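What follows is a short report on a single structure.
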Amino acid sequence: GRSSKSQSQTSVVKRLKPRATTAFVRPQEMDNHESKTTPSTTYTRASNITAMNTNTTSGMSKFILRKSFSWKSYPELEAFLIENRDEYFQHSALNYTMEQKLYNNRLTGRMIVLSKSCGYVFDPDFFTFSKIRDRIRCYFKTYVQRLKKRA
């Protein structure tokens, strides 16, 4: 089981291994780390992890989801995936039919809209629509693999 929320958030920072790319996480997941502020952007560095908070013209903060982000670090997005899990698996049983493809595209589009409404933006230098769709597919694939390990 998990311990308290603050310990859980701290462990996210400690568990990540150094990678060639920089993982971006939300500022509340990083406590007691050095930060520097420029007029429009705040960067916070915790070992090899950097969070980027860019203020938009609307005044809403925007967090950029980088290549190696974890769904678990963004509870609104993970909750969306969990809410749609059963329907996703119903469609995945259709084995590459047009219906499954259309569903996956709609789900991906809804994820993009949700992420924007929550103040998150998928890194445009890395993510295309199909890469976001692949990350969603990998989330569900990992879920199935974890279930098989438990059995």
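To be explicit about the labels: the chains of the structure tokens are called A, B, and onward in the order shown, and within each one the residues are counted from 1, while ligands get numbers from 1 in the order they are shown.
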- request: Mind checking which residues fall within 9 Å of region 126-136 of chain A, counting only C-alpha atoms, ignoring those fewer than 5 positions away in the same chain, and posting them as a PyMOL selection string?
  value: chain A and resi 66-67+81+104-105+107-109+111-112+141
Selection export as a short mmCIF file (atom, residue, chain, number, x, y, z; two decimals), in the first residue's frame, atoms kept: N, CA and C atoms:
data_model
loop_
_atom_site.label_atom_id
_atom_site.label_comp_id
_atom_site.auth_asym_id
_atom_site.auth_seq_id
_atom_site.Cartn_x
_atom_site.Cartn_y
_atom_site.Cartn_z
N ARG A 66 6.31 16.11 -20.91
CA ARG A 66 7.45 15.69 -21.71
C ARG A 66 7.41 14.21 -22.03
N LYS A 67 8.32 13.79 -22.85
CA LYS A 67 8.39 12.42 -23.36
C LYS A 67 8.27 11.36 -22.27
N LEU A 81 -8.31 7.87 -17.74
CA LEU A 81 -7.98 6.56 -18.31
C LEU A 81 -8.68 5.45 -17.53
N ASN A 104 -10.38 4.64 -30.43
CA ASN A 104 -9.06 5.06 -29.92
C ASN A 104 -8.75 6.50 -30.29
N ASN A 105 -9.13 6.90 -31.50
CA ASN A 105 -8.91 8.29 -31.93
C ASN A 105 -9.79 9.25 -31.12
N LEU A 107 -10.95 8.71 -28.07
CA LEU A 107 -10.40 8.71 -26.71
C LEU A 107 -9.17 9.62 -26.63
N THR A 108 -8.31 9.53 -27.62
CA THR A 108 -7.11 10.37 -27.66
C THR A 108 -7.48 11.84 -27.76
N GLY A 109 -8.44 12.15 -28.61
CA GLY A 109 -8.90 13.53 -28.75
C GLY A 109 -9.47 14.06 -27.44
N MET A 111 -8.67 13.00 -24.47
CA MET A 111 -7.54 13.16 -23.55
C MET A 111 -6.84 14.50 -23.79
N ILE A 112 -6.66 14.86 -25.03
CA ILE A 112 -5.99 16.13 -25.37
C ILE A 112 -6.82 17.30 -24.86
N LYS A 141 -1.80 -1.44 -21.73
CA LYS A 141 -0.99 -2.66 -21.88
C LYS A 141 -0.26 -2.97 -20.58
#
- request: Quick one: everything within 9 Å of region 115-117 of chain A, counting only C-alpha atoms, minus sequence neighbours fewer than 6 positions away in the same chain. Send it as a list in words.
  value: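 The contact residues come out as Lys62, Glu76 and Leu77 of chain A.
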task: Point out the residue among A:Trp71, A:Pro124, A:Glu83, A:His91 with the least atom-to-atom distance to Cys138 (chain A), counting only C-alpha atoms.
output: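 Checking each of A:Trp71, A:Pro124, A:Glu83, A:His91 against Cys138 (chain A), counting only C-alpha atoms, the winner is A:Trp71.
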query: Distance CA of Ser92 (chain A)-CA of Leu114 (chain A), one decimal place?
result: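 Going from CA of Ser92 (chain A) over to CA of Leu114 (chain A) covers 22.1 Å.
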- request: Write out as JSON, numbers by chain all residues of region 68-124 of chain A that backbone DSSP assigns to helix (DSSP H, G or I).
  value: {"A": [71, 72, 73, 75, 76, 77, 78, 79, 80, 81, 82, 83, 85, 86, 87, 88, 89, 90, 91, 92, 98, 99, 100, 101, 102, 103, 104, 105, 106, 107, 108, 109, 110, 111, 112, 113, 114, 115, 116, 117]}
- prompt: CA of Gln90 (chain A) and CA of Lys72 (chain A) are how many Å apart?
  reply: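 Between CA of Gln90 (chain A) and CA of Lys72 (chain A) the gap works out to 23.1 Å.
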